[in-house]
Structures are given as C-alpha cells and as structure tokens.
$ cat entry16.cif   # mmCIF, C-alpha atoms
data_input
loop_
_atom_site.group_PDB
_atom_site.id
_atom_site.type_symbol
_atom_site.label_atom_id
_atom_site.label_comp_id
_atom_site.auth_asym_id
_atom_site.auth_seq_id
_atom_site.Cartn_x
_atom_site.Cartn_y
_atom_site.Cartn_z
ATOM 1 C CA MET A 44 -13.435 -6.302 -63.966
ATOM 2 C CA ALA A 45 -11.670 -5.856 -60.632
ATOM 3 C CA LYS A 46 -13.329 -3.851 -57.873
ATOM 4 C CA GLU A 47 -11.799 -0.515 -57.087
ATOM 5 C CA ARG A 48 -10.599 -0.036 -53.565
ATOM 6 C CA PRO A 49 -12.676 2.377 -51.473
ATOM 7 C CA SER A 50 -11.260 5.861 -51.078
ATOM 8 C CA ALA A 51 -9.877 7.246 -47.843
ATOM 9 C CA ARG A 52 -13.087 9.194 -47.325
ATOM 10 C CA PHE A 53 -14.677 6.128 -45.715
ATOM 11 C CA HIS A 54 -14.452 6.465 -41.957
ATOM 12 C CA GLY A 55 -12.527 3.649 -40.289
ATOM 13 C CA ARG A 56 -10.651 2.490 -43.371
ATOM 14 C CA ILE A 57 -7.215 1.156 -42.484
ATOM 15 C CA GLU A 58 -5.069 0.128 -45.395
ATOM 16 C CA GLY A 59 -3.263 -3.169 -45.256
ATOM 17 C CA ASP A 60 -2.783 -6.523 -46.938
ATOM 18 C CA ARG A 61 -5.223 -8.406 -44.710
ATOM 19 C CA PRO A 62 -7.697 -10.645 -46.511
ATOM 20 C CA CYS A 63 -11.424 -10.057 -46.044
ATOM 21 C CA SER A 64 -12.879 -12.326 -43.317
ATOM 22 C CA ALA A 65 -15.972 -13.102 -45.391
ATOM 23 C CA PRO A 66 -15.828 -16.635 -46.843
ATOM 24 C CA GLY A 67 -14.901 -16.683 -50.522
ATOM 25 C CA CYS A 68 -13.983 -12.978 -50.738
ATOM 26 C CA ASP A 69 -10.511 -12.204 -52.094
ATOM 27 C CA ALA A 70 -10.635 -8.407 -51.499
ATOM 28 C CA CYS A 71 -8.472 -6.650 -48.898
ATOM 29 C CA GLY A 72 -9.934 -6.396 -45.419
ATOM 30 C CA GLU A 73 -9.639 -2.696 -44.646
ATOM 31 C CA PHE A 74 -12.510 -2.228 -42.195
ATOM 32 C CA ARG A 75 -12.391 -3.537 -38.642
ATOM 33 C CA ALA A 76 -15.286 -5.412 -37.029
ATOM 34 C CA PRO A 77 -15.723 -6.842 -33.514
ATOM 35 C CA PRO A 78 -14.307 -10.330 -32.912
ATOM 36 C CA LEU A 79 -16.489 -13.418 -32.730
ATOM 37 C CA GLU A 80 -15.285 -14.472 -29.292
ATOM 38 C CA GLY A 81 -15.012 -12.397 -26.118
ATOM 39 C CA PRO A 82 -11.863 -11.372 -24.252
ATOM 40 C CA SER A 83 -9.478 -14.128 -23.261
ATOM 41 C CA SER A 84 -6.861 -14.468 -20.545
ATOM 42 C CA ASP A 85 -4.133 -13.831 -23.134
ATOM 43 C CA GLY A 86 -5.515 -10.384 -23.940
ATOM 44 C CA PRO A 87 -8.166 -9.030 -26.247
ATOM 45 C CA PRO A 88 -9.143 -11.190 -29.225
ATOM 46 C CA ALA A 89 -8.113 -10.199 -32.736
ATOM 47 C CA PHE A 90 -10.546 -8.081 -34.755
ATOM 48 C CA ARG A 91 -12.185 -9.330 -37.916
ATOM 49 C CA TRP A 92 -11.386 -7.424 -41.110
ATOM 50 C CA PHE A 93 -13.838 -6.962 -43.979
ATOM 51 C CA CYS A 94 -13.894 -5.276 -47.357
ATOM 52 C CA LEU A 95 -16.309 -2.342 -47.786
ATOM 53 C CA ASP A 96 -19.214 -4.436 -49.107
ATOM 54 C CA HIS A 97 -18.934 -7.070 -46.399
ATOM 55 C CA VAL A 98 -18.479 -4.575 -43.543
ATOM 56 C CA ARG A 99 -21.676 -2.840 -44.697
ATOM 57 C CA GLU A 100 -23.441 -6.197 -44.680
ATOM 58 C CA PHE A 101 -22.002 -6.976 -41.246
ATOM 59 C CA ASN A 102 -23.095 -3.604 -39.837
ATOM 60 C CA ALA A 103 -26.623 -4.010 -41.227
ATOM 61 C CA ARG A 104 -27.159 -7.234 -39.262
ATOM 62 C CA TYR A 105 -24.996 -6.514 -36.181
ATOM 63 C CA ASN A 106 -26.894 -6.465 -32.878
ATOM 64 C CA TYR A 107 -24.986 -5.551 -29.726
ATOM 65 C CA PHE A 108 -27.700 -7.074 -27.546
ATOM 66 C CA ASP A 109 -27.788 -10.414 -29.378
ATOM 67 C CA GLY A 110 -27.665 -13.267 -26.866
ATOM 68 C CA MET A 111 -28.534 -11.089 -23.836
ATOM 69 C CA THR A 112 -31.493 -11.697 -21.578
ATOM 70 C CA ALA A 113 -34.142 -9.004 -21.073
ATOM 71 C CA ASP A 114 -32.643 -8.149 -17.661
ATOM 72 C CA GLU A 115 -29.128 -7.807 -19.130
ATOM 73 C CA ILE A 116 -30.447 -5.530 -21.893
ATOM 74 C CA HIS A 117 -32.325 -3.406 -19.354
ATOM 75 C CA HIS A 118 -29.201 -3.172 -17.170
ATOM 76 C CA ALA A 119 -27.042 -2.106 -20.172
ATOM 77 C CA GLN A 120 -29.555 0.558 -21.258
ATOM 78 C CA ARG A 121 -29.967 2.256 -17.885
ATOM 79 C CA PRO A 122 -29.086 5.967 -17.983
ATOM 80 C CA MET A 123 -26.371 5.480 -15.365
ATOM 81 C CA ALA A 124 -24.826 2.365 -16.949
ATOM 82 C CA GLY A 125 -21.057 2.577 -16.758
ATOM 83 C CA TRP A 126 -20.985 5.423 -14.218
ATOM 84 C CA GLU A 127 -20.707 3.096 -11.225
ATOM 85 C CA ARG A 128 -17.103 2.234 -12.033
ATOM 86 C CA GLU A 129 -14.483 3.603 -9.692
ATOM 87 C CA THR A 130 -12.577 6.460 -11.265
ATOM 88 C CA ARG A 131 -9.128 7.759 -10.578
ATOM 89 C CA ALA A 132 -9.007 10.417 -7.880
ATOM 90 C CA PHE A 133 -8.460 13.977 -9.062
ATOM 91 C CA ALA A 134 -6.055 14.805 -6.268
ATOM 92 C CA ARG A 135 -4.029 12.857 -3.799
ATOM 93 C CA ALA A 136 -2.747 13.644 -0.300
ATOM 94 C CA MET A 137 -0.300 16.311 -1.451
ATOM 95 C CA GLY A 138 -2.842 17.885 -3.800
ATOM 96 C CA ALA A 139 -1.207 16.597 -6.979
ATOM 97 C CA ASP A 140 -1.192 13.522 -9.137
ATOM 98 C CA GLN A 141 1.300 10.992 -7.779
ATOM 99 C CA GLY A 142 2.025 9.456 -11.150
ATOM 100 C CA PRO A 143 1.982 5.877 -12.333
ATOM 101 C CA LYS A 144 2.556 2.981 -9.953
ATOM 102 C CA TRP A 145 4.957 1.271 -12.335
ATOM 103 C CA SER A 146 8.564 2.355 -12.423
ATOM 104 C CA ASP A 147 10.279 0.001 -14.848
ATOM 105 C CA PHE A 148 8.990 1.538 -18.084
ATOM 106 C CA PRO A 149 11.504 2.580 -20.762
ATOM 107 C CA ASP A 150 11.606 6.383 -20.865
ATOM 108 C CA PRO A 151 14.882 7.353 -22.572
ATOM 109 C CA LEU A 152 13.774 10.958 -23.174
ATOM 110 C CA ASP A 153 12.468 11.387 -19.617
ATOM 111 C CA ALA A 154 9.178 12.560 -21.117
ATOM 112 C CA ILE A 155 6.842 10.796 -18.682
ATOM 113 C CA SER A 156 8.746 10.592 -15.422
ATOM 114 C CA ALA A 157 9.804 14.264 -15.495
ATOM 115 C CA ARG A 158 6.190 15.264 -14.850
ATOM 116 C CA TYR A 159 6.062 13.287 -11.618
ATOM 117 C CA ARG A 160 9.519 14.130 -10.270
ATOM 118 C CA ARG A 161 9.387 16.174 -7.132
ATOM 119 C CA GLU A 162 12.193 18.238 -5.793
ATOM 120 C CA ALA A 163 12.598 17.929 -2.080
ATOM 121 C CA ALA A 164 11.087 20.969 -0.423
ATOM 122 C CA PRO A 165 13.367 22.717 2.036
ATOM 123 C CA GLU A 166 12.337 21.805 5.559
ATOM 124 C CA ARG A 167 12.936 23.581 8.803
ATOM 125 C CA SER A 168 14.682 21.888 11.718
ATOM 126 C CA ASP A 169 11.929 23.077 14.088
ATOM 127 C CA GLY A 170 9.325 21.195 12.005
ATOM 128 C CA LYS A 171 7.257 24.280 11.125
ATOM 129 C CA PRO A 172 5.904 23.967 7.586
ATOM 130 C CA LEU A 173 6.746 26.466 4.867
ATOM 131 C CA SER A 174 4.196 27.476 2.259
ATOM 132 C CA GLY A 175 5.111 28.071 -1.364
ATOM 133 C CA GLN A 176 4.898 31.825 -0.725
ATOM 134 C CA ASP A 177 7.236 31.435 2.268
ATOM 135 C CA ARG A 178 9.796 29.671 0.083
ATOM 136 C CA ALA A 179 9.523 32.325 -2.638
ATOM 137 C CA SER A 180 9.999 35.107 -0.088
ATOM 138 C CA LEU A 181 13.011 33.364 1.469
ATOM 139 C CA LYS A 182 14.521 33.119 -2.019
ATOM 140 C CA VAL A 183 14.044 36.873 -2.578
ATOM 141 C CA LEU A 184 15.811 37.577 0.698
ATOM 142 C CA GLY A 185 18.491 34.954 0.034
ATOM 143 C CA LEU A 186 17.839 33.100 3.295
ATOM 144 C CA PRO A 187 17.867 29.361 4.010
ATOM 145 C CA ALA A 188 14.707 27.540 5.096
ATOM 146 C CA ASN A 189 15.958 27.316 8.697
ATOM 147 C CA ALA A 190 16.286 31.082 9.160
ATOM 148 C CA ASP A 191 14.770 32.465 12.375
ATOM 149 C CA ARG A 192 13.146 35.844 13.095
ATOM 150 C CA MET A 193 16.434 37.417 14.078
ATOM 151 C CA ALA A 194 18.154 36.321 10.838
ATOM 152 C CA LEU A 195 15.101 37.525 8.912
ATOM 153 C CA ARG A 196 15.264 40.993 10.492
ATOM 154 C CA LYS A 197 19.042 41.236 10.037
ATOM 155 C CA ARG A 198 18.888 40.281 6.353
ATOM 156 C CA TYR A 199 15.996 42.678 5.749
ATOM 157 C CA SER A 200 17.956 45.598 7.245
ATOM 158 C CA GLU A 201 21.006 44.709 5.193
ATOM 159 C CA LEU A 202 19.055 44.573 1.900
ATOM 160 C CA VAL A 203 17.140 47.804 2.588
ATOM 161 C CA ARG A 204 20.448 49.599 3.160
ATOM 162 C CA ARG A 205 21.785 48.121 -0.087
ATOM 163 C CA TYR A 206 18.820 48.971 -2.316
ATOM 164 C CA HIS A 207 17.353 52.170 -0.811
ATOM 165 C CA PRO A 208 18.075 55.250 -2.991
ATOM 166 C CA ASP A 209 18.968 57.381 0.063
ATOM 167 C CA ARG A 210 21.639 54.877 1.091
ATOM 168 C CA ASN A 211 23.266 54.233 -2.311
ATOM 169 C CA GLY A 212 23.876 57.724 -3.644
ATOM 170 C CA GLY A 213 20.409 58.392 -5.068
ATOM 171 C CA ASP A 214 20.503 55.478 -7.563
ATOM 172 C CA ARG A 215 16.847 54.649 -8.252
ATOM 173 C CA SER A 216 17.559 51.658 -10.526
ATOM 174 C CA GLN A 217 17.231 49.263 -7.566
ATOM 175 C CA GLU A 218 13.746 50.411 -6.450
ATOM 176 C CA ALA A 219 12.030 47.340 -7.927
ATOM 177 C CA MET A 220 14.314 45.058 -5.923
ATOM 178 C CA LEU A 221 13.675 47.137 -2.811
ATOM 179 C CA THR A 222 9.909 46.724 -3.316
ATOM 180 C CA ASN A 223 10.351 42.933 -3.630
ATOM 181 C CA VAL A 224 12.475 42.801 -0.457
ATOM 182 C CA ILE A 225 9.912 44.793 1.551
ATOM 183 C CA ALA A 226 7.016 42.617 0.303
ATOM 184 C CA ALA A 227 8.938 39.425 1.100
ATOM 185 C CA TYR A 228 9.806 40.620 4.601
ATOM 186 C CA GLN A 229 6.205 41.698 5.325
ATOM 187 C CA GLN A 230 4.936 38.309 4.184
ATOM 188 C CA LEU A 231 7.484 36.294 6.178
ATOM 189 C CA ARG A 232 7.179 38.189 9.440
ATOM 190 C CA GLN A 233 3.463 37.233 9.542
ATOM 191 C CA ALA A 234 4.002 33.636 8.327
ATOM 192 C CA PRO A 235 3.286 30.871 10.905
ATOM 193 C CA ALA A 236 6.808 29.492 10.499
ATOM 194 C CA PHE A 237 8.283 32.768 11.813
ATOM 195 C CA LEU A 238 5.873 33.544 14.656
#
$ encode --input "entry16.cif" --output "structure tokens"
Amino acid sequence: MAKERPSARFHGRIEGDRPCSAPGCDACGEFRAPPLEGPSSDGPPAFRWFCLDHVREFNARYNYFDGMTADEIHHAQRPMAGWERETRAFARAMGADQGPKWSDFPDPLDAISARYRREAAPERSDGKPLSGQDRASLKVLGLPANADRMALRKRYSELVRRYHPDRNGGDRSQEAMLTNVIAAYQQLRQAPAFL
C-alpha cells in the first residue's frame, strides 16, 4: 500500500517532484531541512528535502549547537546576540532614504526607482534656502522661487484686488482663494528667504 502524501495543513510543506534525501526512501521530498555544509563562495548551499516521516526524524535529532565549543554556545545564547550588527540608518543627510546603491536593475514598470526619484527643488539665485511651506506659499501666489520682497508685495496686492468681494462686484465665491492668498503672503513675508 502506497503512503498518502501529507496534506497542506503541515507547515512548511512545499510540493514538488524532488526525491527525499533519506537513503532508500522513494517518497517526494516536500519539507526543507538545513544543508549539510555551510555557505560557500558560490552562494548558499542547496537545502536538503525530506518526506514527512524523515523530516520529523531529522527534527527530533537536529541540534543547532552540534560541533560548537562551550564558548561559542555561550556567545550564541547571549541576550544581545545578533544586535551588534550595523543596521541601515533610518534617515540620511536630507532626512529621507536615499535608495539603493545599485542602478542597473531591470525595472520596466518603474515600481522601485519612482520611490527614490527626486524632483529638483527650486533654488534662489541669492542662495537663501526655501522651506516646503515657502514653496507651497509661492505656488499659491503664482511666484517663481527667485521672487523678492517687492515682487511678493506687488503680487499680493494684485491678488487681493482680484479676489476681494468689495473689488469684484460683491462676488463672495472667491473668499476661500482670498484666505489662501492672505495666509501665503503672511507666511512668506516672515520667511528667512524674504527678510
């Protein structure tokens, strides 16, 4: 009578036509076990594959610490073992992840590189930095990044005349835009780039 294959309810079962690694067993190897040898220069070694009965037998006698000295076992069991490794920084100089170092990966859908693409921020010719709020306020007023205080004041006056209900025949539909213009002007006139 042939053995029935284990059901999918067994954790770690991976179907395939691999033979069981146990000598003399002709069942399918559907459960992965660590390789006999360690990592090589060509990459990680291939896993061993066992049937359900042989993987249970393997797990019952498997000892991670087999072949280690007492000092190596003590070092591996320390509470802080593994925490000494250097981890990737959470933020870089610009306050955001700079993305992968490699650039020759195939990305036909632009799914990975789009996250790391940066649009050039508008810069001022006088070298004064603009904050994100400064840029948003300049956009509301429709001004370029190089605008000075005089251009700021002129544009503000022009937009207030355009959107104020007293100046456009009592039309109150533009009050929200007027509020945005006033807030943007108040923010920019106190910004370091416009002092």
$ atom_distance --input "entry16.cif" --atom1 "CA of Tyr199 (chain A)" --atom2 "CA of Gln176 (chain A)"
16.8 Å
$ closest_residue --input "entry16.cif" --among "A:Leu184, A:Cys68, A:Leu238, A:Met111" --to "Val224 (chain A)" --atoms "all atoms listed in the file"
A:Leu184
$ atom_distance --input "entry16.cif" --atom1 "CA of Ser180 (chain A)" --atom2 "CA of Ala227 (chain A)"
4.6 Å
$ resolve_selection --input "entry16.cif" --expression "the PyMOL selection byres ((chain A and resi 195) around 12)" --output "MDAnalysis selection string"
chainID A and resid 177 180:194 196:202 224:225 227:234 236:238
$ atom_distance --input "entry16.cif" --atom1 "CA of Asp109 (chain A)" --atom2 "CA of Arg121 (chain A)"
17.2 Å
$ resolve_selection --input "entry16.cif" --expression "the PyMOL selection byres ((chain A and resi 88-99) around 6)" --output "MDAnalysis selection string"
chainID A and resid 63:64 71:78 82 87 100:102
$ write_last_selection --input "entry16.cif" --atoms "C-alpha atoms" --output "CSV table (one decimal), in the frame of the given file"
chain,number,residue,atom,x,y,z
A,63,CYS,CA,-11.4,-10.1,-46.0
A,64,SER,CA,-12.9,-12.3,-43.3
A,71,CYS,CA,-8.5,-6.6,-48.9
A,72,GLY,CA,-9.9,-6.4,-45.4
A,73,GLU,CA,-9.6,-2.7,-44.6
A,74,PHE,CA,-12.5,-2.2,-42.2
A,75,ARG,CA,-12.4,-3.5,-38.6
A,76,ALA,CA,-15.3,-5.4,-37.0
A,77,PRO,CA,-15.7,-6.8,-33.5
A,78,PRO,CA,-14.3,-10.3,-32.9
A,82,PRO,CA,-11.9,-11.4,-24.3
A,87,PRO,CA,-8.2,-9.0,-26.2
A,100,GLU,CA,-23.4,-6.2,-44.7
A,101,PHE,CA,-22.0,-7.0,-41.2
A,102,ASN,CA,-23.1,-3.6,-39.8
$ resolve_selection --input "entry16.cif" --expression "the PyMOL selection byres ((chain A and resi 220) around 12)" --output "list in words"
Val183, Leu184, Leu202, Val203, Arg204, Arg205, Tyr206, His207, Pro208, Arg215, Ser216, Gln217, Glu218, Ala219, Leu221, Thr222, Asn223, Val224, Ile225, Ala226 and Ala227 of chain A
